[in-house]
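Here's the structure, in structure tokens; my notes come after.
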Protein chains: 2
Amino acid sequence: MNEHADHLIIHAHLFTMQGEGVGYVADGAVAVAGSRIVAVGPTPELIVRFQATEILDATDCAVLPGLIDAHMHTPWAIARGVAQDVAHWMQKALAPYARYVSPEAALAGTKLNVLEALKAGTTTMVDYTRPVPGWAEFFVQVGVRGRLTPTINALPPGGMAGWRIGDLYPFDEAEGQRAIDEAMAFARAWHGAADGRITVMLGPQAPDMLPREQLLQVKRLAERGGLMIHMHVAQGDREIDQMLKRYGERTPAFLQKLGYLDSQLLAVHLTEATDEEAAMIARSGAGMALCSGSIGIIDGIVPPSYIFRQAGGYVALGSDQAAGNNCNNIFNEMKLTALFNKIKYRNPTIMPAWDVLRMATIEAAHAIGLGDQIGSLEVGKEADLIVVDLTALNLSPVLDTPVRNIVPNLVYAASGHEVRDVMVAGRFLMRNGRLLTADEAAVRVEAQAQAAAVARRVAADPVHREMALMQAMAAGQL
Amino acid sequence: MNEHADHLIIHAHLFTMQGEGVGYVADGAVAVAGSRIVAVGPTPELIVRFQATEILDATDCAVLPGLIDAHMHTPWAIARGVAQDVAHWMQKALAPYARYVSPEAALAGTKLNVLEALKAGTTTMVDYTRPVPGWAEFFVQVGVRGRLTPTINALPPGGMAGWRIGDLYPFDEAEGQRAIDEAMAFARAWHGAADGRITVMLGPQAPDMLPREQLLQVKRLAERGGLMIHMHVAQGDREIDQMLKRYGERTPAFLQKLGYLDSQLLAVHLTEATDEEAAMIARSGAGMALCSGSIGIIDGIVPPSYIFRQAGGYVALGSDQAAGNNCNNIFNEMKLTALFNKIKYRNPTIMPAWDVLRMATIEAAHAIGLGDQIGSLEVGKEADLIVVDLTALNLSPVLDTPVRNIVPNLVYAASGHEVRDVMVAGRFLMRNGRLLTADEAAVRVEAQAQAAAVARRVAADPVHREMALMQAMAAGQL
């Protein structure tokens, strides 16, 4: 009983994610001091080694690294469920809402989304959005790990009036510069804040949404500032069309020549990337954020993450946006990723449970550039972990031999509501399903009020009559 | 205040599923007397019309018909999560468990599975299994609606020792007859029991698993007894291979000539049916049970349900078996069905939320032959309904205009844990998430004990070393 720990979590089915598999430890324990893990091992060993301020009994629970959501647009929770089951979801479903989302509504959406994700075991959130007052502050208040990315594009701030599908985007370079400057100011203010829990990435929205020179400027700023780049890449046929018209090249080749493909890049989606392009990007050292749910709903496409991994790249999972996903839940993304890829390749052995669990934890950590800090439970890493109640009926029974069934059930049967406790940086943010650092009911009520106000503004604008879902409304299908 | 109701549910976002859409009623109410619905309409109307013994306030909740699971194998919850991510899941993963599942273990699995499904809003369970003592009794006790189907096949009861993949199955006609007689005795004992909540279907396991004469015998018995037939059809390339070798025909053509294709048939899976075969079966009036999750996991295949519906057939959703699905949850099946089909056709407008909600309710009711009794909330039908809490963060906010977002969120964002109350035949089986007619903890503990005993027996048999997942165990992936 020589060593001190603030927390000792004992008697867990422990999945450390160390090594090449899931790093299972039977009757496992984790000792935490300050924000970090100081020991991982069998309970009988740790319990004699540590004097702990608090002991948490995780009997009948799985303990694993906190889940990582590598691509979110948290404000869009404010319009959850208004944009799916349609073609051209952006123009025909989401756009009429976008113009009416006030900064207050955006922040209310962020709060709702952060708490939703946290309750489902997500401890690191890579969030891409236009900054509004209070955004980073809420991450600090709640205590989750945030990797925040302010939007950078050079599209006309007043909207794309007069632009028609197929035309080149009209660039507004002043707007692009304003966004770059704003992002850099945000990075100076927040990168490394809250003892390093808050970090900033630079986010050129997509290679077709700002001029080449500004893309290069962002790359230089990222290198100088030691910041990663978080960018949508090959996210739709629309983008490929823009790139071909403007540069005569598809996105991956363009980015390669531009010097964008390296381990500093988190490439989001790759929806339209060919297998060869995906492999090329993977070999560059860039990471991939795979948003199975949203791309399935929006495009009906399974991006080439299997090929990306085969080529040695790291793939992280992302929940994207609630307007058309419609939840932000990494348990959901694990399941969909495994199943979609089995279907894509008509092969049930593709993307087994352990692979997608790694894509939600240690592999995600590498993809987003935090592989030395989070993603596994090992000594010296940040104490980001979740406790999952295996006595939930849908996770029962727990079998250990000859086949241990916990990981398959976490991936294929869990929904996230089985998460009992959540710790980030050594601090409990949820215990027994109850949030400790935010007022869940107040956040929900505020989001409801803001969302209703946005919806009223949309309903008052005649443009809403062109939305694809208005037909479904008229037909009594909603 | 003239009319009496036992229950009046008020202030709901009511989805009656009447008509061609979802039958939404704002501020809706349902009046229930005895086992039946006596009124459906706006709350202000019903509240003055009825004097109710009990009033349930469903403010901020969706109320919809209880969900229907058209194909389950409930005992397999005892081996949840031991058979996925492998090729030849039956032989290489499940079979070693099958031989060690005792009747007590099977019943414990059934209990676990029924409660899991009930908590997730499933009120009608079409269960296919070898009868064990206590099976039907548990359905009666808990109060769910059961459509029970005893297994009928003519395979050697002692196992298929000596049989090799590719050989014709050796039929044991005496075993087939025994199974038919047992099923008929079960039907006489239980069909129509518990005020009609329990009904029986006849279940020839698959067209390749009993001789043609016994298939015909079952069909005659079904017609004479007014029973439906619940059969796996075209469930794998193995079956097609057997049919070609034995009869020189693929399953659908064989069944057509045999006189099996009519509205008396619930055809399960159709995994290997071509689009033409699926359309032919649909036009016969037969229903289809689509098990998106299990077939995705086991085969990496999306069965032709879209074509089946296009041809006018009714499709119901089924959760199949927990050994490789791994949950029995119709919210899960709705989501997977919508997404898998969008991906299959690379078209986000395929299988919209409202379609799959119909496949889980009114369309399922038609497919399983109970369309006049359940599946929608309308006067005269059985009062099977669920109350879903829309204040769950993942279902918030609730928007009504210009696009109502509730149905998309129920399909794409709900996981089933948001189900607050469940009523079957006018009786509440769950209130505020708490089961009223079964001891959840006791069922879980018993299932855990029985499952561990089964697993120990499997581990003691050297045959387990041939299971595909043993490699994953050795590699530290489980």
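Labels for the structure tokens follow display order: chains A, B, ..., residues from 1 in each chain, ligands from 1.
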### Task
Please return, as an MDAnalysis selection string, all residues of chain B lying within 6 Å of chain A when only C-alpha atoms are considered.
chainID B and resid 21:22 81:82 85:86 116 297:301 326:327 342:343 346:349 352 354 393:394 397 402 404:405 407:409 412:413 448 459 476:478
#### Entry: Within 8 Å of segment 200-215 of chain A using only C-alpha atoms, minus same-chain residues under 5 positions, as a PyMOL selection string
chain A and resi 128+147-155+169+171+173+176-177+183-184+186-187+190-192+222+227-233+239+242-243+251+255
Selection export as an mmCIF file, in the first residue's frame, atoms kept: C-alpha atoms:
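Listed below is the output, result-v8.cif:
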```cif
data_model
loop_
_atom_site.group_PDB
_atom_site.id
_atom_site.type_symbol
_atom_site.label_atom_id
_atom_site.label_comp_id
_atom_site.auth_asym_id
_atom_site.auth_seq_id
_atom_site.Cartn_x
_atom_site.Cartn_y
_atom_site.Cartn_z
ATOM 1 C CA TYR A 128 -15.852 20.984 -37.103
ATOM 2 C CA ARG A 147 -10.278 18.813 -30.852
ATOM 3 C CA LEU A 148 -11.949 21.887 -32.275
ATOM 4 C CA THR A 149 -11.803 22.946 -35.885
ATOM 5 C CA PRO A 150 -13.144 26.297 -37.059
ATOM 6 C CA THR A 151 -14.525 26.253 -40.600
ATOM 7 C CA ILE A 152 -12.367 27.822 -43.284
ATOM 8 C CA ASN A 153 -13.787 28.424 -46.748
ATOM 9 C CA ALA A 154 -13.807 31.179 -49.332
ATOM 10 C CA LEU A 155 -17.458 30.964 -50.313
ATOM 11 C CA TYR A 169 -17.984 28.022 -56.934
ATOM 12 C CA PHE A 171 -14.497 32.332 -54.503
ATOM 13 C CA GLU A 173 -10.815 35.516 -51.195
ATOM 14 C CA GLY A 176 -11.279 33.028 -47.101
ATOM 15 C CA GLN A 177 -8.658 35.236 -45.474
ATOM 16 C CA ALA A 183 -9.166 30.166 -37.173
ATOM 17 C CA MET A 184 -5.644 31.204 -36.244
ATOM 18 C CA PHE A 186 -9.069 30.689 -32.233
ATOM 19 C CA ALA A 187 -6.043 28.408 -32.237
ATOM 20 C CA TRP A 190 -7.575 27.623 -27.298
ATOM 21 C CA HIS A 191 -4.900 25.223 -28.503
ATOM 22 C CA GLY A 192 -3.673 23.448 -25.399
ATOM 23 C CA ALA A 222 -0.402 24.342 -39.771
ATOM 24 C CA LEU A 227 -1.448 21.977 -35.889
ATOM 25 C CA MET A 228 -3.141 19.174 -37.783
ATOM 26 C CA ILE A 229 -5.400 19.791 -40.759
ATOM 27 C CA HIS A 230 -8.969 18.447 -40.605
ATOM 28 C CA MET A 231 -10.519 18.542 -44.056
ATOM 29 C CA HIS A 232 -13.330 16.922 -46.034
ATOM 30 C CA VAL A 233 -11.693 15.080 -48.923
ATOM 31 C CA GLU A 239 -16.384 18.110 -55.216
ATOM 32 C CA GLN A 242 -15.336 21.174 -59.137
ATOM 33 C CA MET A 243 -11.757 19.913 -58.967
ATOM 34 C CA THR A 251 -8.930 15.574 -55.430
ATOM 35 C CA LEU A 255 -3.689 17.230 -52.881
#
```
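Counting only C-alpha atoms, the residue from A:Leu385, A:Val132, A:Val419, A:Ala425 that sits nearest to Ala29 of chain A is A:Leu385.
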### Task
Would you kindly return, as a ChimeraX atom specification, each protein, DNA or RNA residue with an atom no farther than 10 Å from any atom of Ala383 of chain A, considering only C-alpha atoms and excluding same-chain residues fewer than 4 positions away?
/A:30-38,65-66,373-379,423-428
#### Entry: alpha helix (DSSP H) per DSSP on the backbone: members of segment 61-164 of chain A, as a ChimeraX atom specification
/A:89,95-98,103-119,135-142
### Task
Determine, counting only C-alpha atoms, which protein, DNA and RNA residues have an atom within 6 Å of an atom of Asp27 of chain A; residues of the same chain fewer than 6 positions away are not included. Present the result as a PyMOL selection string.
chain A and resi 11-13+42-43
### Task
Could you pull out the residues in segment 182-422 of chain A that DSSP calls strand (DSSP E) from the backbone, as a PyMOL selection string?
chain A and resi 198-200+203-204+229-233+265-269+287-290+315-317+385-389+419-422
### Query
Expressed in Å to a single decimal, how great is the separation between atom CA of Ile165 of chain A and atom CA of Ile240 of chain A?
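Rounded to one decimal, the two atoms are 12.9 Å apart.
Between atom CA of Leu390 of chain A and atom CA of Asp60 of chain A the separation is 5.6 Å.
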### Task
Tell me, in Å to one decimal, how far atom CA of Gln51 of chain A is from atom CA of His7 of chain A.
9.1 Å
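Comparing B:Ala136, B:Ala282, B:Leu265, B:Ile386 by their smallest distance to Gly369 of chain B, the closest is B:Leu265 (using only C-alpha atoms).
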### Query
Can you list, as a PyMOL selection string, every protein, DNA or RNA residue that comes within 8 Å of Ala311 of chain A when you count only C-alpha atoms, leaving out same-chain residues fewer than 3 positions away?
chain A and resi 279-280+282-283+307-308
### Message
With only C-alpha atoms as the counted atoms, please give the residues lying no more than 8 Å from Met359 of chain A, apart from itself and same-chain residues fewer than 5 positions off, as a VMD selection string.
### Response
chain A and resid 314 to 317 334 364
Output file for the selection above: C-alpha atoms, as a PDB file, in the first residue's frame:
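Output (out-v3.pdb):
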```pdb
ATOM      1  CA  TYR A 314      -5.262   4.613 -39.580  1.00  0.00           C
ATOM      2  CA  VAL A 315      -9.042   4.946 -39.755  1.00  0.00           C
ATOM      3  CA  ALA A 316     -11.115   6.717 -37.102  1.00  0.00           C
ATOM      4  CA  LEU A 317     -14.896   6.724 -36.850  1.00  0.00           C
ATOM      5  CA  MET A 334     -18.888   0.727 -34.876  1.00  0.00           C
ATOM      6  CA  ALA A 364      -8.679   6.701 -33.935  1.00  0.00           C
TER       7      ALA A 364
END
```
